[in-house]
>>> print(open('upload.cif').read())   # mmCIF, C-alpha atoms
data_structure
loop_
_atom_site.label_atom_id
_atom_site.label_comp_id
_atom_site.auth_asym_id
_atom_site.auth_seq_id
_atom_site.Cartn_x
_atom_site.Cartn_y
_atom_site.Cartn_z
CA ASN D 1 59.18 -29.57 15.48
CA ALA D 2 56.16 -27.42 16.37
CA GLY D 3 58.08 -24.23 17.19
CA VAL D 4 56.14 -22.01 19.61
CA THR D 5 52.64 -23.12 20.59
CA GLN D 6 50.04 -21.14 22.52
CA THR D 7 46.77 -22.12 24.12
CA PRO D 8 44.00 -21.14 23.95
CA LYS D 9 43.59 -19.45 20.55
CA PHE D 10 40.53 -17.47 21.65
CA GLN D 11 39.09 -16.60 25.04
CA VAL D 12 36.27 -14.42 26.34
CA LEU D 13 36.32 -13.44 30.00
CA LYS D 14 34.12 -11.35 32.24
CA THR D 15 35.67 -8.54 34.26
CA GLY D 16 37.27 -9.96 37.39
CA GLN D 17 37.75 -13.49 36.10
CA SER D 18 41.17 -15.06 36.02
CA MET D 19 42.93 -17.16 33.44
CA THR D 20 46.33 -18.46 32.40
CA LEU D 21 47.73 -18.33 28.88
CA GLN D 22 50.05 -21.20 28.12
CA CYS D 23 53.13 -21.12 25.91
CA ALA D 24 55.62 -23.83 25.03
CA GLN D 25 58.60 -24.03 22.68
CA ASP D 26 60.52 -27.05 21.46
CA MET D 27 63.62 -25.29 20.11
CA ASN D 28 65.65 -25.46 23.31
CA HIS D 29 65.67 -21.66 23.54
CA ASN D 30 66.79 -19.95 26.71
CA SER D 31 64.75 -16.74 26.43
CA MET D 32 60.97 -16.47 26.29
CA TYR D 33 58.66 -13.47 26.05
CA TRP D 34 55.07 -12.34 26.36
CA TYR D 35 53.83 -9.42 24.24
CA ARG D 36 50.48 -7.80 23.70
CA GLN D 37 49.44 -6.29 20.38
CA ASP D 38 46.96 -3.45 20.23
CA PRO D 39 45.95 -1.36 17.20
CA GLY D 40 48.26 1.60 16.76
CA MET D 41 50.48 0.48 19.64
CA GLY D 42 52.50 -2.23 17.97
CA LEU D 43 53.92 -4.98 20.16
CA ARG D 44 54.56 -4.16 23.79
CA LEU D 45 56.58 -6.40 26.06
CA ILE D 46 54.74 -7.59 29.16
CA TYR D 47 57.31 -9.90 30.76
CA TYR D 48 60.30 -11.88 29.62
CA SER D 49 62.46 -14.67 30.93
CA ALA D 50 66.10 -14.60 29.92
CA SER D 51 66.64 -18.13 31.20
CA GLU D 52 64.96 -20.82 33.24
CA GLY D 53 64.31 -19.56 36.75
CA THR D 54 64.40 -15.84 35.93
CA THR D 55 61.70 -13.39 34.93
CA ASP D 56 61.75 -9.63 34.38
CA LYS D 57 59.17 -6.95 33.81
CA GLY D 58 58.75 -5.40 30.41
CA GLU D 59 57.01 -2.23 29.37
CA VAL D 60 53.45 -3.08 30.53
CA PRO D 61 53.56 -5.63 33.40
CA ASN D 62 50.73 -4.30 35.56
CA GLY D 63 47.86 -6.77 35.97
CA TYR D 64 49.92 -9.77 34.85
CA ASN D 65 52.06 -12.46 36.42
CA VAL D 66 54.30 -15.02 34.76
CA SER D 67 55.83 -18.38 35.54
CA ARG D 68 58.79 -19.97 33.79
CA LEU D 69 57.82 -23.50 34.62
CA ASN D 70 60.83 -25.08 32.94
CA LYS D 71 62.96 -24.36 29.90
CA ARG D 72 60.08 -25.16 27.52
CA GLU D 73 57.13 -23.44 29.16
CA PHE D 74 56.31 -19.84 30.04
CA SER D 75 52.81 -18.98 31.22
CA LEU D 76 51.05 -15.64 31.61
CA ARG D 77 48.35 -15.20 34.25
CA LEU D 78 45.67 -12.56 34.54
CA GLU D 79 44.48 -12.63 38.15
CA SER D 80 41.54 -10.25 37.74
CA ALA D 81 40.82 -9.45 34.12
CA ALA D 82 39.91 -5.92 33.07
CA PRO D 83 38.49 -4.62 29.76
CA SER D 84 41.83 -2.83 29.17
CA GLN D 85 43.43 -6.26 28.86
CA THR D 86 41.44 -7.02 25.74
CA SER D 87 44.19 -7.67 23.23
CA VAL D 88 46.04 -10.23 21.16
CA TYR D 89 48.78 -11.91 23.17
CA PHE D 90 51.89 -13.37 21.59
CA CYS D 91 54.48 -15.61 23.10
CA ALA D 92 57.96 -15.71 21.59
CA SER D 93 61.23 -17.49 22.19
CA ASN D 94 64.76 -16.60 21.24
CA GLY D 95 67.92 -18.50 20.66
CA LEU D 96 71.19 -16.98 21.83
CA ILE D 97 73.04 -18.01 18.68
CA THR D 98 70.51 -16.87 16.09
CA ASP D 99 69.28 -13.79 18.03
CA THR D 100 65.98 -14.22 16.23
CA GLN D 101 62.57 -14.27 17.86
CA TYR D 102 60.12 -17.02 16.97
CA PHE D 103 56.49 -16.20 17.62
CA GLY D 104 53.49 -18.30 18.47
CA PRO D 105 50.17 -17.90 16.62
CA GLY D 106 48.66 -15.68 19.30
CA THR D 107 45.73 -15.70 21.73
CA ARG D 108 42.86 -13.32 21.09
CA LEU D 109 41.44 -12.30 24.46
CA THR D 110 38.27 -10.30 25.01
CA VAL D 111 37.33 -9.05 28.46
CA LEU D 112 33.73 -7.92 28.79
CA ALA M 1 65.79 4.77 26.61
CA GLN M 2 65.55 2.59 23.54
CA SER M 3 62.88 3.38 20.99
CA VAL M 4 61.87 2.55 17.47
CA ALA M 5 59.83 4.78 15.17
CA GLN M 6 57.94 3.75 12.08
CA PRO M 7 56.64 7.08 10.81
CA GLU M 8 54.12 5.70 8.32
CA ASP M 9 51.02 3.83 9.44
CA GLN M 10 50.40 2.66 5.89
CA VAL M 11 52.35 2.51 2.64
CA ASN M 12 50.62 1.94 -0.68
CA VAL M 13 52.56 0.85 -3.73
CA ALA M 14 51.66 -0.52 -7.14
CA GLU M 15 52.65 -4.07 -7.97
CA GLY M 16 56.00 -4.16 -9.73
CA ASN M 17 57.16 -0.85 -8.23
CA PRO M 18 59.92 -0.59 -5.64
CA LEU M 19 58.83 -0.29 -2.02
CA THR M 20 60.35 1.28 1.07
CA VAL M 21 59.14 0.95 4.64
CA LYS M 22 60.88 3.36 6.99
CA CYS M 23 62.34 2.75 10.43
CA THR M 24 64.46 4.92 12.72
CA TYR M 25 65.80 3.94 16.10
CA SER M 26 67.31 5.32 19.26
CA VAL M 27 69.58 3.26 21.48
CA SER M 28 72.35 4.20 23.84
CA GLY M 29 74.82 1.73 22.37
CA ASN M 30 75.24 -0.21 19.16
CA PRO M 31 72.06 -1.79 17.91
CA TYR M 32 70.94 -5.10 16.59
CA LEU M 33 68.14 -4.33 14.14
CA PHE M 34 65.37 -6.56 12.83
CA TRP M 35 62.41 -6.63 10.49
CA TYR M 36 59.42 -8.91 11.02
CA VAL M 37 56.29 -9.42 8.94
CA GLN M 38 52.80 -10.32 10.13
CA TYR M 39 50.14 -11.76 7.87
CA PRO M 40 46.47 -11.59 8.97
CA ASN M 41 45.67 -13.68 12.05
CA ARG M 42 49.23 -14.98 12.30
CA GLY M 43 52.22 -14.45 14.54
CA LEU M 44 55.21 -12.42 13.44
CA GLN M 45 57.77 -13.98 11.11
CA PHE M 46 61.44 -13.01 10.91
CA LEU M 47 62.53 -11.28 7.67
CA LEU M 48 66.08 -10.08 8.23
CA LYS M 49 68.50 -8.63 10.74
CA TYR M 50 71.56 -6.43 11.00
CA ILE M 51 74.20 -7.46 13.50
CA THR M 52 77.46 -6.18 12.05
CA GLY M 53 79.33 -5.91 8.78
CA ASP M 54 77.83 -4.92 5.44
CA ASN M 55 75.26 -2.17 5.83
CA LEU M 56 72.99 -3.76 3.21
CA VAL M 57 71.31 -6.83 4.58
CA LYS M 58 69.41 -9.31 2.43
CA GLY M 59 66.55 -11.36 3.82
CA SER M 60 63.61 -13.55 2.98
CA TYR M 61 61.23 -13.11 0.02
CA GLY M 62 63.55 -10.67 -1.80
CA PHE M 63 63.54 -8.05 0.94
CA GLU M 64 66.61 -6.08 1.96
CA ALA M 65 67.37 -3.34 4.44
CA GLU M 66 70.05 -0.71 4.71
CA PHE M 67 71.62 0.21 8.02
CA ASN M 68 72.57 3.89 8.17
CA LYS M 69 74.37 4.73 11.40
CA SER M 70 74.54 8.49 10.87
CA GLN M 71 70.81 8.72 10.24
CA THR M 72 69.98 5.97 12.76
CA SER M 73 67.77 4.33 10.19
CA PHE M 74 67.10 0.81 8.99
CA HIS M 75 64.67 1.09 6.07
CA LEU M 76 63.16 -2.02 4.50
CA LYS M 77 63.21 -2.22 0.71
CA LYS M 78 62.22 -4.44 -2.17
CA PRO M 79 62.96 -3.70 -5.83
CA SER M 80 59.65 -5.02 -7.18
CA ALA M 81 56.58 -5.37 -4.95
CA LEU M 82 54.13 -8.26 -5.14
CA VAL M 83 50.48 -8.27 -4.09
CA SER M 84 51.40 -11.10 -1.71
CA ASP M 85 53.77 -8.72 0.12
CA SER M 86 50.72 -6.94 1.55
CA ALA M 87 51.04 -7.36 5.32
CA LEU M 88 51.98 -5.58 8.54
CA TYR M 89 55.71 -4.93 8.95
CA PHE M 90 57.50 -4.35 12.25
CA CYS M 91 60.96 -2.96 12.90
CA ALA M 92 62.66 -3.98 16.15
CA VAL M 93 65.87 -3.13 17.99
CA ARG M 94 67.99 -4.69 20.69
CA ASP M 95 70.73 -2.76 22.42
CA ARG M 96 73.75 -5.06 22.28
CA GLY M 97 75.34 -3.20 25.13
CA SER M 98 72.42 -3.72 27.49
CA GLY M 99 73.33 -7.32 28.31
CA THR M 100 69.68 -8.33 27.99
CA TYR M 101 67.81 -10.08 25.23
CA LYS M 102 65.05 -7.50 25.36
CA TYR M 103 63.59 -6.21 22.11
CA ILE M 104 61.71 -3.00 21.39
CA PHE M 105 59.24 -3.05 18.50
CA GLY M 106 57.89 -0.21 16.43
CA THR M 107 54.18 0.37 16.01
CA GLY M 108 54.09 -1.31 12.62
CA THR M 109 53.50 -0.20 9.03
CA ARG M 110 50.78 -1.69 6.93
CA LEU M 111 51.96 -2.31 3.38
CA LYS M 112 49.32 -2.49 0.70
CA VAL M 113 50.43 -3.57 -2.78
CA LEU M 114 47.87 -2.72 -5.42
CA ALA M 115 47.40 -4.90 -8.49
#
>>> encode(input="upload.cif", output="structure tokens")
Amino acid sequence: NAGVTQTPKFQVLKTGQSMTLQCAQDMNHNSMYWYRQDPGMGLRLIYYSASEGTTDKGEVPNGYNVSRLNKREFSLRLESAAPSQTSVYFCASNGLITDTQYFGPGTRLTVL
Amino acid sequence: AQSVAQPEDQVNVAEGNPLTVKCTYSVSGNPYLFWYVQYPNRGLQFLLKYITGDNLVKGSYGFEAEFNKSQTSFHLKKPSALVSDSALYFCAVRDRGSGTYKYIFGTGTRLKVLA
């Protein structure tokens, strides 16, 4: 039982490049989330998916797209990276019964 | 709109002393309240939550939190701090009346326990 896994762990992009952050969970959770963590800003929700086939915007969705590929996987795509997207990105999943979020180890992204 | 405030960026406490990390919240309905801890270069880990019932909630590693509805607060406490408790602590809220599983996190409080 790996919990929530994220790939890659580190990434450096140039402005304008694109990339996809991958997230998978093996806990059979319905809800999945993408957050970004910036110093002094805490965690801010980018997008979430309450269940397979649905996605909703969070607090800071601009510049990002998501795909809930199936119940296990939820990916985050940056189409044209900008320096303002330099951050640590966390994926999380949530079980309806426990109402507790389980977080992945994070992806540290630098956009030059 | 929902919001969570953690008024202290950093809390310093001597090992063996009691610690408190403050959290206040604003939601339109009744809240679910959570505390998470983050160690360096790791994801967040669940500590404890308040859903209903007893206002004093006990969680992992000897931590507890008290829900105070009139003051809209959910402060994290521990009777005797350990150096290993040094980490970044986040308070979070979910509005149970919203019908969504959407969480709002505070900005975090860095706890430093001094030996």
>>> residues_around(input="upload.cif", residues="stretch 54-64 of chain M", least_positions_apart="6", cutoff="8 Å", atoms="all atoms listed in the file", output="count of residues only")
5
>>> closest_residue(input="upload.cif", among="D:Thr100, D:Gln11, D:Thr110, D:Thr5", to="chain M", atoms="only C-alpha atoms")
D:Thr100
>>> resolve_selection(input="upload.cif", expression="the PyMOL selection byres ((chain M) within 6 of (chain D))", output="VMD selection string")
chain M and resid 42 to 44 105 to 108
>>> write_last_selection(input="upload.cif", atoms="C-alpha atoms", output="mmCIF file, in the frame of the given file")
data_model
loop_
_atom_site.group_PDB
_atom_site.id
_atom_site.type_symbol
_atom_site.label_atom_id
_atom_site.label_comp_id
_atom_site.auth_asym_id
_atom_site.auth_seq_id
_atom_site.Cartn_x
_atom_site.Cartn_y
_atom_site.Cartn_z
ATOM 1 C CA ARG M 42 49.230 -14.980 12.300
ATOM 2 C CA GLY M 43 52.220 -14.450 14.540
ATOM 3 C CA LEU M 44 55.210 -12.420 13.440
ATOM 4 C CA PHE M 105 59.240 -3.050 18.500
ATOM 5 C CA GLY M 106 57.890 -0.210 16.430
ATOM 6 C CA THR M 107 54.180 0.370 16.010
ATOM 7 C CA GLY M 108 54.090 -1.310 12.620
#
>>> axis_aligned_box(input="upload.cif", around="stretch 87-95 of chain D", padding_each_side="8 Å", output="AutoDock Vina command-line options")
--center_x 56.1 --center_y -13.1 --center_z 21.9 --size_x 39.7 --size_y 26.8 --size_z 18.6
>>> closest_residue(input="upload.cif", among="D:Asn1, D:Asn62, D:Thr7, D:Ser84", to="D:Met19", atoms="all atoms listed in the file")
D:Thr7
>>> closest_residue(input="upload.cif", among="M:Gln10, M:Asn41, M:Asn68, M:Thr109", to="M:Cys91", atoms="all atoms listed in the file")
M:Thr109
>>> atom_distance(input="upload.cif", atom1="atom CA of M:Thr20", atom2="atom CA of M:Glu8")
10.5 Å
>>> closest_residue(input="upload.cif", among="D:Ala81, D:Asn70, D:Trp34, D:Lys14", to="D:Lys57", atoms="only C-alpha atoms")
D:Trp34
>>> residues_around(input="upload.cif", residues="D:Leu13", least_positions_apart="6", cutoff="10 Å", atoms="only C-alpha atoms", output="list in words")
Met19, Ser80, Ala81, Ala82, Pro83, Thr86, Leu109, Thr110, Val111 and Leu112 of chain D
>>> atom_distance(input="upload.cif", atom1="atom CA of M:Phe67", atom2="atom CA of D:Val60")
29.1 Å
>>> resolve_selection(input="upload.cif", expression="the PyMOL selection byres ((chain D and resi 78) around 10)", output="PyMOL selection string")
chain D and resi 16-21+62-66+76-77+79-82+85
>>> resolve_selection(input="upload.cif", expression="the PyMOL selection byres ((chain M and resi 4) around 8)", output="compact mmCIF listing (two decimals) with C-alpha atoms, in the frame of the given file")
# COMPACT_ATOMS: atom_id res chain seq x y z
CA GLN M 2 65.55 2.59 23.54
CA SER M 3 62.88 3.38 20.99
CA ALA M 5 59.83 4.78 15.17
CA GLN M 6 57.94 3.75 12.08
CA CYS M 23 62.34 2.75 10.43
CA THR M 24 64.46 4.92 12.72
CA TYR M 25 65.80 3.94 16.10
CA SER M 26 67.31 5.32 19.26
CA CYS M 91 60.96 -2.96 12.90
CA ALA M 92 62.66 -3.98 16.15
CA VAL M 93 65.87 -3.13 17.99
CA ILE M 104 61.71 -3.00 21.39
CA PHE M 105 59.24 -3.05 18.50
CA GLY M 106 57.89 -0.21 16.43
